[in-house]
Amino acid sequence: MASATGIPSNVAAARGQSEEEPLLGSRGDASQMQGQPLYFNLWIGTAPIAQAGIWILAAIVWGAILSQKLIFFSAHPLLNSAGFLLAIQAALVLQPTHSLEQKRAGTLAHFLFHIFGASALTAGLIVIEMNKAGPGHAHFESAHARLGLTFYILVYIQAIVGFTQYYVPQLYGGVDQAKSVYKYHRMGGYIIATLGLATICAATWTDYNLGLAHIQHWAVIVASVLVLVGVVPRIRLSKFGL
């Protein structure tokens with residue numbers, strides 16, 4: 001059976017191409033080759049650019065925080081940057097999958113990355129809330145705080161929807177109905193990732209950073225752009241029904 005590229009579908013699969021992918025890969029898309037280990041997905045296509053961005057971003061945050069005297073608040077940026085790094089890995093490992101077997105393995109890895117990532121993010125949220133529990137601490141006054149609150153809320157909604165879609169599809173009326181929501185889950189993931197990067201960038205304008213950490217705005221912005229440059233070209237429009 002011929003694919004949309006004009007070559008047999010089994011050959012396309014063996015080469016790591018899905019049926020809707022251009023023969024020359026003009027969209028910059030990346031596909032997991034048949035028999036290729038799942039962890040390769042973290043590095044194929046434009047993933048190295050995303051990896052460079054997210055690891056540089058984490059290194060900037062951790063380097064700045066660990067170079068200062070550690071206080072209770074220090075755990076907030078450390079945990080959040082670690083959690084966000086894992087969230088990006090969750091996206092990268094799942095993006096190139098296209099066969100049923102690959103999707104199943106990719107979904108499990110995606111789930112595990114998010115379990116640890118969301119746990120780190122939740123711990124970071126608890127730290128900041130405990131830190132601001134005392135008198136004299138303003139809540140949600142900065143752009144970073146407001147973006148962060150929105151980010152946390154969307155992360156939890158996304159996690160609930162993603163888990164129930166795959167593991168409890170009867171809540172949506174069956175597997176077919178649950179699958180119809182997948183594209184919104186994927187779209188939401190990219191929006192939330194962009195919001196997370198914006199939240200991290202906004203953190204460089206907080207009093208803590210301006211007074212103590214001294215993380216450069218431009219460095220965080222450049223690293224964030226690298227993450228997007230690496231992730232966005234691997235998006236499959238067909239998974240959105242386009």
# chains A, B, ... in the order shown; residues from 1 in each chain; ligands from 1

call {"tool": "residues_around", "arguments": {"residues": "Pro77 of chain A", "least_positions_apart": "5", "cutoff": "8 Å", "atoms": "only C-alpha atoms", "output": "ChimeraX atom specification"}}
result
/A:61-62,65,124

call {"tool": "select_by_dssp", "arguments": {"residues": "segment 20-232 of chain A", "states": "alpha helix (DSSP H)", "output": "CSV table (one decimal) with N, CA and C atoms, in the first residue's frame"}}
result
chain,number,residue,atom,x,y,z
A,47,ALA,N,15.5,18.3,18.3
A,47,ALA,CA,15.6,18.1,19.8
A,47,ALA,C,16.8,18.6,20.4
A,48,PRO,N,18.0,18.4,19.8
A,48,PRO,CA,19.2,18.9,20.4
A,48,PRO,C,19.2,20.4,20.8
A,49,ILE,N,18.5,21.2,19.9
A,49,ILE,CA,18.3,22.6,20.2
A,49,ILE,C,17.5,22.8,21.4
A,50,ALA,N,16.4,22.1,21.5
A,50,ALA,CA,15.5,22.2,22.7
A,50,ALA,C,16.3,21.7,24.0
A,51,GLN,N,17.1,20.6,23.8
A,51,GLN,CA,17.9,20.1,25.0
A,51,GLN,C,18.9,21.2,25.4
A,52,ALA,N,19.5,21.8,24.5
A,52,ALA,CA,20.5,22.8,24.8
A,52,ALA,C,19.8,24.0,25.6
A,53,GLY,N,18.7,24.4,25.1
A,53,GLY,CA,18.0,25.5,25.7
A,53,GLY,C,17.5,25.2,27.1
A,54,ILE,N,16.9,24.0,27.3
A,54,ILE,CA,16.4,23.7,28.7
A,54,ILE,C,17.5,23.4,29.7
A,55,TRP,N,18.6,22.7,29.2
A,55,TRP,CA,19.7,22.4,30.1
A,55,TRP,C,20.4,23.7,30.5
A,56,ILE,N,20.6,24.6,29.5
A,56,ILE,CA,21.2,25.9,29.8
A,56,ILE,C,20.4,26.7,30.8
A,57,LEU,N,19.1,26.7,30.5
A,57,LEU,CA,18.1,27.4,31.4
A,57,LEU,C,18.2,26.8,32.9
A,58,ALA,N,18.2,25.5,33.0
A,58,ALA,CA,18.3,24.9,34.3
A,58,ALA,C,19.7,25.2,35.0
A,59,ALA,N,20.7,25.2,34.2
A,59,ALA,CA,22.0,25.5,34.7
A,59,ALA,C,22.2,26.9,35.2
A,60,ILE,N,21.5,27.8,34.4
A,60,ILE,CA,21.5,29.3,34.8
A,60,ILE,C,20.9,29.4,36.2
A,61,VAL,N,19.7,28.8,36.3
A,61,VAL,CA,19.0,28.9,37.6
A,61,VAL,C,19.7,28.3,38.7
A,62,TRP,N,20.1,27.0,38.5
A,62,TRP,CA,20.8,26.3,39.6
A,62,TRP,C,22.1,27.0,40.0
A,63,GLY,N,22.9,27.4,39.0
A,63,GLY,CA,24.1,28.1,39.2
A,63,GLY,C,24.0,29.3,40.1
A,64,ALA,N,23.0,30.1,39.7
A,64,ALA,CA,22.7,31.4,40.4
A,64,ALA,C,22.3,31.1,41.8
A,65,ILE,N,21.4,30.2,42.0
A,65,ILE,CA,20.8,29.9,43.4
A,65,ILE,C,21.9,29.3,44.3
A,66,LEU,N,22.6,28.3,43.7
A,66,LEU,CA,23.6,27.6,44.6
A,66,LEU,C,24.8,28.4,44.9
A,75,ALA,N,14.6,26.6,47.5
A,75,ALA,CA,14.1,25.4,47.0
A,75,ALA,C,13.0,25.6,45.9
A,76,HIS,N,12.4,26.8,45.9
A,76,HIS,CA,11.4,27.1,44.9
A,76,HIS,C,11.9,27.2,43.5
A,77,PRO,N,12.9,28.0,43.2
A,77,PRO,CA,13.4,28.0,41.8
A,77,PRO,C,14.1,26.7,41.5
A,78,LEU,N,14.8,26.0,42.4
A,78,LEU,CA,15.5,24.8,42.1
A,78,LEU,C,14.5,23.7,41.7
A,79,LEU,N,13.4,23.6,42.5
A,79,LEU,CA,12.4,22.5,42.2
A,79,LEU,C,11.6,22.8,40.9
A,80,ASN,N,11.3,24.1,40.7
A,80,ASN,CA,10.5,24.4,39.5
A,80,ASN,C,11.3,24.3,38.3
A,81,SER,N,12.6,24.7,38.3
A,81,SER,CA,13.4,24.5,37.1
A,81,SER,C,13.6,23.0,36.7
A,82,ALA,N,13.7,22.2,37.8
A,82,ALA,CA,13.9,20.8,37.6
A,82,ALA,C,12.6,20.2,37.0
A,83,GLY,N,11.5,20.6,37.6
A,83,GLY,CA,10.2,20.1,37.1
A,83,GLY,C,9.9,20.4,35.7
A,84,PHE,N,10.3,21.7,35.3
A,84,PHE,CA,10.0,22.1,34.0
A,84,PHE,C,10.9,21.4,33.0
A,85,LEU,N,12.2,21.1,33.4
A,85,LEU,CA,13.1,20.4,32.6
A,85,LEU,C,12.5,19.0,32.2
A,86,LEU,N,11.9,18.3,33.2
A,86,LEU,CA,11.3,17.0,33.0
A,86,LEU,C,10.1,17.1,32.1
A,87,ALA,N,9.4,18.2,32.2
A,87,ALA,CA,8.2,18.4,31.4
A,87,ALA,C,8.6,18.5,29.9
A,88,ILE,N,9.7,19.2,29.7
A,88,ILE,CA,10.2,19.3,28.3
A,88,ILE,C,10.6,17.9,27.8
A,89,GLN,N,11.2,17.1,28.6
A,89,GLN,CA,11.6,15.8,28.2
A,89,GLN,C,10.4,14.9,27.9
A,90,ALA,N,9.3,15.1,28.6
A,90,ALA,CA,8.1,14.4,28.4
A,90,ALA,C,7.5,14.7,27.0
A,91,ALA,N,7.6,16.0,26.6
A,91,ALA,CA,7.1,16.4,25.3
A,91,ALA,C,8.0,15.8,24.2
A,92,LEU,N,9.3,15.9,24.4
A,92,LEU,CA,10.3,15.5,23.3
A,92,LEU,C,10.2,13.9,23.1
A,93,VAL,N,10.0,13.2,24.2
A,93,VAL,CA,10.0,11.7,24.0
A,93,VAL,C,8.8,11.2,23.3
A,94,LEU,N,7.7,12.0,23.3
A,94,LEU,CA,6.4,11.5,22.7
A,94,LEU,C,6.2,12.0,21.3
A,100,LEU,N,1.5,2.4,16.6
A,100,LEU,CA,0.7,2.1,17.8
A,100,LEU,C,1.7,1.7,18.9
A,101,GLU,N,2.6,0.8,18.6
A,101,GLU,CA,3.6,0.4,19.6
A,101,GLU,C,4.4,1.5,20.2
A,102,GLN,N,4.9,2.4,19.3
A,102,GLN,CA,5.7,3.5,19.7
A,102,GLN,C,4.8,4.5,20.6
A,103,LYS,N,3.6,4.7,20.2
A,103,LYS,CA,2.8,5.6,20.9
A,103,LYS,C,2.5,5.1,22.3
A,104,ARG,N,2.3,3.8,22.5
A,104,ARG,CA,2.1,3.2,23.8
A,104,ARG,C,3.3,3.4,24.7
A,105,ALA,N,4.5,3.0,24.2
A,105,ALA,CA,5.7,3.2,24.9
A,105,ALA,C,6.0,4.7,25.2
A,106,GLY,N,5.8,5.5,24.2
A,106,GLY,CA,6.0,6.9,24.4
A,106,GLY,C,5.1,7.6,25.4
A,107,THR,N,3.8,7.1,25.4
A,107,THR,CA,2.8,7.6,26.4
A,107,THR,C,3.2,7.3,27.8
A,108,LEU,N,3.7,6.0,28.0
A,108,LEU,CA,4.2,5.6,29.3
A,108,LEU,C,5.4,6.5,29.8
A,109,ALA,N,6.3,6.7,28.9
A,109,ALA,CA,7.5,7.5,29.2
A,109,ALA,C,7.1,9.0,29.5
A,110,HIS,N,6.2,9.5,28.7
A,110,HIS,CA,5.6,10.8,28.8
A,110,HIS,C,4.9,10.9,30.2
A,111,PHE,N,4.2,9.9,30.6
A,111,PHE,CA,3.5,9.9,31.9
A,111,PHE,C,4.5,9.9,33.1
A,112,LEU,N,5.5,9.1,32.9
A,112,LEU,CA,6.5,9.0,34.0
A,112,LEU,C,7.3,10.3,34.2
A,113,PHE,N,7.7,10.9,33.1
A,113,PHE,CA,8.4,12.2,33.1
A,113,PHE,C,7.5,13.2,33.8
A,114,HIS,N,6.2,13.2,33.5
A,114,HIS,CA,5.3,14.2,34.1
A,114,HIS,C,5.1,13.9,35.6
A,115,ILE,N,5.1,12.6,35.9
A,115,ILE,CA,4.9,12.3,37.4
A,115,ILE,C,6.0,13.0,38.2
A,116,PHE,N,7.2,12.8,37.8
A,116,PHE,CA,8.3,13.3,38.6
A,116,PHE,C,8.4,14.9,38.4
A,117,GLY,N,8.1,15.3,37.2
A,117,GLY,CA,8.1,16.8,36.9
A,117,GLY,C,7.0,17.5,37.7
A,118,ALA,N,5.8,17.0,37.7
A,118,ALA,CA,4.7,17.6,38.4
A,118,ALA,C,4.9,17.5,39.9
A,119,SER,N,5.6,16.5,40.4
A,119,SER,CA,5.9,16.4,41.8
A,119,SER,C,6.9,17.5,42.2
A,120,ALA,N,7.9,17.7,41.4
A,120,ALA,CA,8.8,18.8,41.7
A,120,ALA,C,8.2,20.1,41.6
A,121,LEU,N,7.3,20.3,40.6
A,121,LEU,CA,6.6,21.6,40.5
A,121,LEU,C,5.7,21.8,41.8
A,122,THR,N,5.0,20.8,42.2
A,122,THR,CA,4.1,20.9,43.4
A,122,THR,C,4.9,21.2,44.6
A,123,ALA,N,6.1,20.6,44.8
A,123,ALA,CA,6.9,20.9,45.9
A,123,ALA,C,7.4,22.3,45.8
A,124,GLY,N,7.7,22.8,44.6
A,124,GLY,CA,8.0,24.2,44.5
A,124,GLY,C,6.9,25.1,44.8
A,125,LEU,N,5.7,24.8,44.5
A,125,LEU,CA,4.5,25.6,44.9
A,125,LEU,C,4.3,25.6,46.4
A,126,ILE,N,4.5,24.5,47.0
A,126,ILE,CA,4.3,24.4,48.5
A,126,ILE,C,5.4,25.3,49.2
A,127,VAL,N,6.6,25.3,48.6
A,127,VAL,CA,7.7,26.1,49.2
A,127,VAL,C,7.3,27.6,49.2
A,128,ILE,N,6.9,28.1,48.0
A,128,ILE,CA,6.6,29.5,47.9
A,128,ILE,C,5.4,29.9,48.7
A,129,GLU,N,4.4,29.0,48.8
A,129,GLU,CA,3.2,29.3,49.6
A,129,GLU,C,3.5,29.3,51.1
A,130,MET,N,4.4,28.4,51.5
A,130,MET,CA,4.8,28.4,52.9
A,130,MET,C,5.7,29.7,53.2
A,131,ASN,N,6.5,30.0,52.2
A,131,ASN,CA,7.4,31.2,52.4
A,131,ASN,C,6.6,32.5,52.5
A,143,ALA,N,4.3,40.0,37.9
A,143,ALA,CA,3.9,39.3,36.7
A,143,ALA,C,4.3,37.8,36.8
A,144,HIS,N,5.5,37.6,37.4
A,144,HIS,CA,5.9,36.2,37.7
A,144,HIS,C,4.9,35.4,38.5
A,145,ALA,N,4.4,36.0,39.6
A,145,ALA,CA,3.5,35.4,40.5
A,145,ALA,C,2.2,35.1,39.7
A,146,ARG,N,1.7,36.0,39.0
A,146,ARG,CA,0.4,35.8,38.3
A,146,ARG,C,0.5,34.8,37.2
A,147,LEU,N,1.6,34.9,36.4
A,147,LEU,CA,1.8,33.9,35.4
A,147,LEU,C,2.0,32.5,36.0
A,148,GLY,N,2.8,32.5,37.2
A,148,GLY,CA,3.0,31.2,37.8
A,148,GLY,C,1.7,30.5,38.3
A,149,LEU,N,0.8,31.3,38.9
A,149,LEU,CA,-0.4,30.8,39.3
A,149,LEU,C,-1.2,30.2,38.2
A,150,THR,N,-1.3,30.9,37.1
A,150,THR,CA,-2.0,30.4,35.9
A,150,THR,C,-1.3,29.1,35.4
A,151,PHE,N,0.0,29.1,35.4
A,151,PHE,CA,0.8,27.9,34.9
A,151,PHE,C,0.4,26.7,35.8
A,152,TYR,N,0.5,26.9,37.1
A,152,TYR,CA,0.2,25.7,38.0
A,152,TYR,C,-1.2,25.2,37.8
A,153,ILE,N,-2.2,26.1,37.7
A,153,ILE,CA,-3.6,25.6,37.5
A,153,ILE,C,-3.7,24.8,36.2
A,154,LEU,N,-3.2,25.4,35.1
A,154,LEU,CA,-3.3,24.7,33.8
A,154,LEU,C,-2.5,23.4,33.8
A,155,VAL,N,-1.4,23.3,34.5
A,155,VAL,CA,-0.6,22.0,34.6
A,155,VAL,C,-1.5,20.9,35.3
A,156,TYR,N,-2.2,21.3,36.3
A,156,TYR,CA,-3.0,20.3,37.0
A,156,TYR,C,-4.2,19.9,36.2
A,157,ILE,N,-4.8,20.8,35.5
A,157,ILE,CA,-5.9,20.5,34.6
A,157,ILE,C,-5.4,19.6,33.5
A,158,GLN,N,-4.3,20.0,32.9
A,158,GLN,CA,-3.7,19.2,31.8
A,158,GLN,C,-3.4,17.7,32.3
A,159,ALA,N,-2.9,17.6,33.5
A,159,ALA,CA,-2.5,16.3,34.0
A,159,ALA,C,-3.7,15.4,34.2
A,160,ILE,N,-4.8,16.0,34.8
A,160,ILE,CA,-6.0,15.3,35.0
A,160,ILE,C,-6.6,14.8,33.7
A,161,VAL,N,-6.7,15.7,32.7
A,161,VAL,CA,-7.3,15.4,31.4
A,161,VAL,C,-6.5,14.3,30.7
A,162,GLY,N,-5.1,14.5,30.7
A,162,GLY,CA,-4.3,13.5,30.1
A,162,GLY,C,-4.4,12.1,30.7
A,163,PHE,N,-4.4,12.1,32.0
A,163,PHE,CA,-4.4,10.8,32.7
A,163,PHE,C,-5.8,10.1,32.4
A,164,THR,N,-6.9,10.8,32.5
A,164,THR,CA,-8.2,10.2,32.4
A,164,THR,C,-8.5,9.8,30.9
A,165,GLN,N,-8.0,10.6,30.0
A,165,GLN,CA,-8.2,10.3,28.5
A,165,GLN,C,-7.6,8.9,28.2
A,166,TYR,N,-6.4,8.7,28.7
A,166,TYR,CA,-5.7,7.5,28.3
A,166,TYR,C,-6.1,6.3,29.2
A,167,TYR,N,-6.2,6.5,30.5
A,167,TYR,CA,-6.4,5.4,31.4
A,167,TYR,C,-7.9,5.2,31.9
A,175,VAL,N,-13.5,5.0,24.3
A,175,VAL,CA,-12.2,5.3,23.8
A,175,VAL,C,-12.2,6.3,22.6
A,176,ASP,N,-13.2,6.1,21.7
A,176,ASP,CA,-13.2,7.0,20.5
A,176,ASP,C,-13.5,8.4,21.0
A,177,GLN,N,-14.4,8.6,21.9
A,177,GLN,CA,-14.7,10.0,22.4
A,177,GLN,C,-13.5,10.6,23.1
A,178,ALA,N,-12.8,9.7,23.9
A,178,ALA,CA,-11.6,10.2,24.6
A,178,ALA,C,-10.5,10.6,23.6
A,179,LYS,N,-10.3,9.8,22.5
A,179,LYS,CA,-9.3,10.1,21.5
A,179,LYS,C,-9.6,11.5,20.8
A,182,TYR,N,-7.8,14.3,22.4
A,182,TYR,CA,-6.3,14.2,22.4
A,182,TYR,C,-5.7,15.5,21.8
A,183,LYS,N,-6.3,16.0,20.7
A,183,LYS,CA,-5.7,17.1,20.0
A,183,LYS,C,-5.7,18.4,20.9
A,184,TYR,N,-6.7,18.5,21.7
A,184,TYR,CA,-6.8,19.6,22.6
A,184,TYR,C,-5.8,19.5,23.7
A,185,HIS,N,-5.5,18.2,24.2
A,185,HIS,CA,-4.5,18.0,25.2
A,185,HIS,C,-3.1,18.3,24.6
A,186,ARG,N,-2.9,17.9,23.4
A,186,ARG,CA,-1.6,18.3,22.8
A,186,ARG,C,-1.4,19.8,22.6
A,187,MET,N,-2.4,20.4,22.1
A,187,MET,CA,-2.4,21.9,21.9
A,187,MET,C,-2.2,22.6,23.3
A,188,GLY,N,-2.9,22.1,24.3
A,188,GLY,CA,-2.8,22.7,25.6
A,188,GLY,C,-1.3,22.5,26.2
A,189,GLY,N,-0.7,21.4,25.9
A,189,GLY,CA,0.6,21.2,26.3
A,189,GLY,C,1.6,22.2,25.8
A,190,TYR,N,1.5,22.5,24.5
A,190,TYR,CA,2.4,23.5,23.9
A,190,TYR,C,2.2,24.9,24.5
A,191,ILE,N,0.9,25.2,24.7
A,191,ILE,CA,0.6,26.5,25.3
A,191,ILE,C,1.1,26.6,26.7
A,192,ILE,N,0.9,25.6,27.5
A,192,ILE,CA,1.4,25.6,28.8
A,192,ILE,C,2.9,25.6,28.9
A,193,ALA,N,3.6,25.0,28.0
A,193,ALA,CA,5.1,25.0,28.0
A,193,ALA,C,5.6,26.4,27.7
A,194,THR,N,4.9,27.1,26.7
A,194,THR,CA,5.2,28.5,26.4
A,194,THR,C,5.0,29.4,27.6
A,195,LEU,N,3.8,29.2,28.3
A,195,LEU,CA,3.5,29.9,29.5
A,195,LEU,C,4.6,29.7,30.6
A,196,GLY,N,5.0,28.4,30.7
A,196,GLY,CA,6.1,28.1,31.7
A,196,GLY,C,7.4,28.9,31.4
A,197,LEU,N,7.7,29.0,30.1
A,197,LEU,CA,8.9,29.7,29.8
A,197,LEU,C,8.8,31.2,30.1
A,198,ALA,N,7.6,31.7,29.8
A,198,ALA,CA,7.3,33.1,30.1
A,198,ALA,C,7.4,33.4,31.6
A,199,THR,N,6.9,32.4,32.4
A,199,THR,CA,7.0,32.6,33.8
A,199,THR,C,8.4,32.6,34.3
A,200,ILE,N,9.2,31.8,33.8
A,200,ILE,CA,10.6,31.7,34.2
A,200,ILE,C,11.3,33.0,33.8
A,201,CYS,N,11.0,33.5,32.6
A,201,CYS,CA,11.6,34.8,32.1
A,201,CYS,C,11.2,35.9,33.1
A,202,ALA,N,9.9,35.9,33.4
A,202,ALA,CA,9.4,37.0,34.3
A,202,ALA,C,10.0,37.0,35.7
A,203,ALA,N,10.5,35.8,36.1
A,203,ALA,CA,11.2,35.6,37.4
A,203,ALA,C,12.4,36.5,37.5
A,207,ASP,N,12.0,40.9,42.8
A,207,ASP,CA,12.9,41.5,43.7
A,207,ASP,C,14.1,40.5,44.1
A,208,TYR,N,13.7,39.3,44.3
A,208,TYR,CA,14.7,38.3,44.7
A,208,TYR,C,15.8,38.2,43.7
A,217,HIS,N,18.5,38.8,32.4
A,217,HIS,CA,17.3,38.6,31.6
A,217,HIS,C,17.6,38.0,30.3
A,218,TRP,N,18.5,38.5,29.5
A,218,TRP,CA,18.8,38.1,28.2
A,218,TRP,C,19.2,36.6,28.1
A,219,ALA,N,19.9,36.1,29.1
A,219,ALA,CA,20.3,34.7,29.1
A,219,ALA,C,19.1,33.8,29.2
A,220,VAL,N,18.2,34.1,30.1
A,220,VAL,CA,17.0,33.3,30.2
A,220,VAL,C,16.1,33.4,29.0
A,221,ILE,N,16.0,34.5,28.4
A,221,ILE,CA,15.2,34.7,27.2
A,221,ILE,C,15.8,33.9,26.1
A,222,VAL,N,17.1,34.0,25.9
A,222,VAL,CA,17.7,33.3,24.8
A,222,VAL,C,17.6,31.8,25.0
A,223,ALA,N,17.8,31.3,26.2
A,223,ALA,CA,17.6,29.8,26.5
A,223,ALA,C,16.2,29.4,26.2
A,224,SER,N,15.2,30.2,26.6
A,224,SER,CA,13.8,29.9,26.4
A,224,SER,C,13.5,29.9,24.9
A,225,VAL,N,14.0,30.8,24.1
A,225,VAL,CA,13.8,30.8,22.7
A,225,VAL,C,14.4,29.5,22.0
A,226,LEU,N,15.5,29.1,22.5
A,226,LEU,CA,16.1,27.8,22.0
A,226,LEU,C,15.2,26.6,22.3
A,227,VAL,N,14.6,26.6,23.4
A,227,VAL,CA,13.6,25.5,23.7
A,227,VAL,C,12.5,25.5,22.7
A,228,LEU,N,11.9,26.6,22.4
A,228,LEU,CA,10.8,26.7,21.5
A,228,LEU,C,11.3,26.4,20.0
A,229,VAL,N,12.5,26.8,19.7
A,229,VAL,CA,13.0,26.5,18.3
A,229,VAL,C,13.2,25.0,18.2
A,230,GLY,N,13.6,24.3,19.3
A,230,GLY,CA,13.8,22.9,19.2
A,230,GLY,C,12.5,22.1,19.2
A,231,VAL,N,11.5,22.6,19.9
A,231,VAL,CA,10.2,21.8,20.1
A,231,VAL,C,9.2,22.1,19.0

call {"tool": "residues_around", "arguments": {"residues": "Gly241 of chain A", "least_positions_apart": "2", "cutoff": "10 Å", "atoms": "only C-alpha atoms", "output": "PyMOL selection string"}}
result
chain A and resi 180+183+236-239

call {"tool": "atom_distance", "arguments": {"atom1": "atom CA of Gln216 of chain A", "atom2": "atom CA of Val232 of chain A"}}
result
24.8 Å

call {"tool": "atom_distance", "arguments": {"atom1": "atom CA of Arg234 of chain A", "atom2": "atom CA of Asn41 of chain A"}}
result
10.6 Å

call {"tool": "atom_distance", "arguments": {"atom1": "atom CA of His214 of chain A", "atom2": "atom CA of Ser142 of chain A"}}
result
17.1 Å
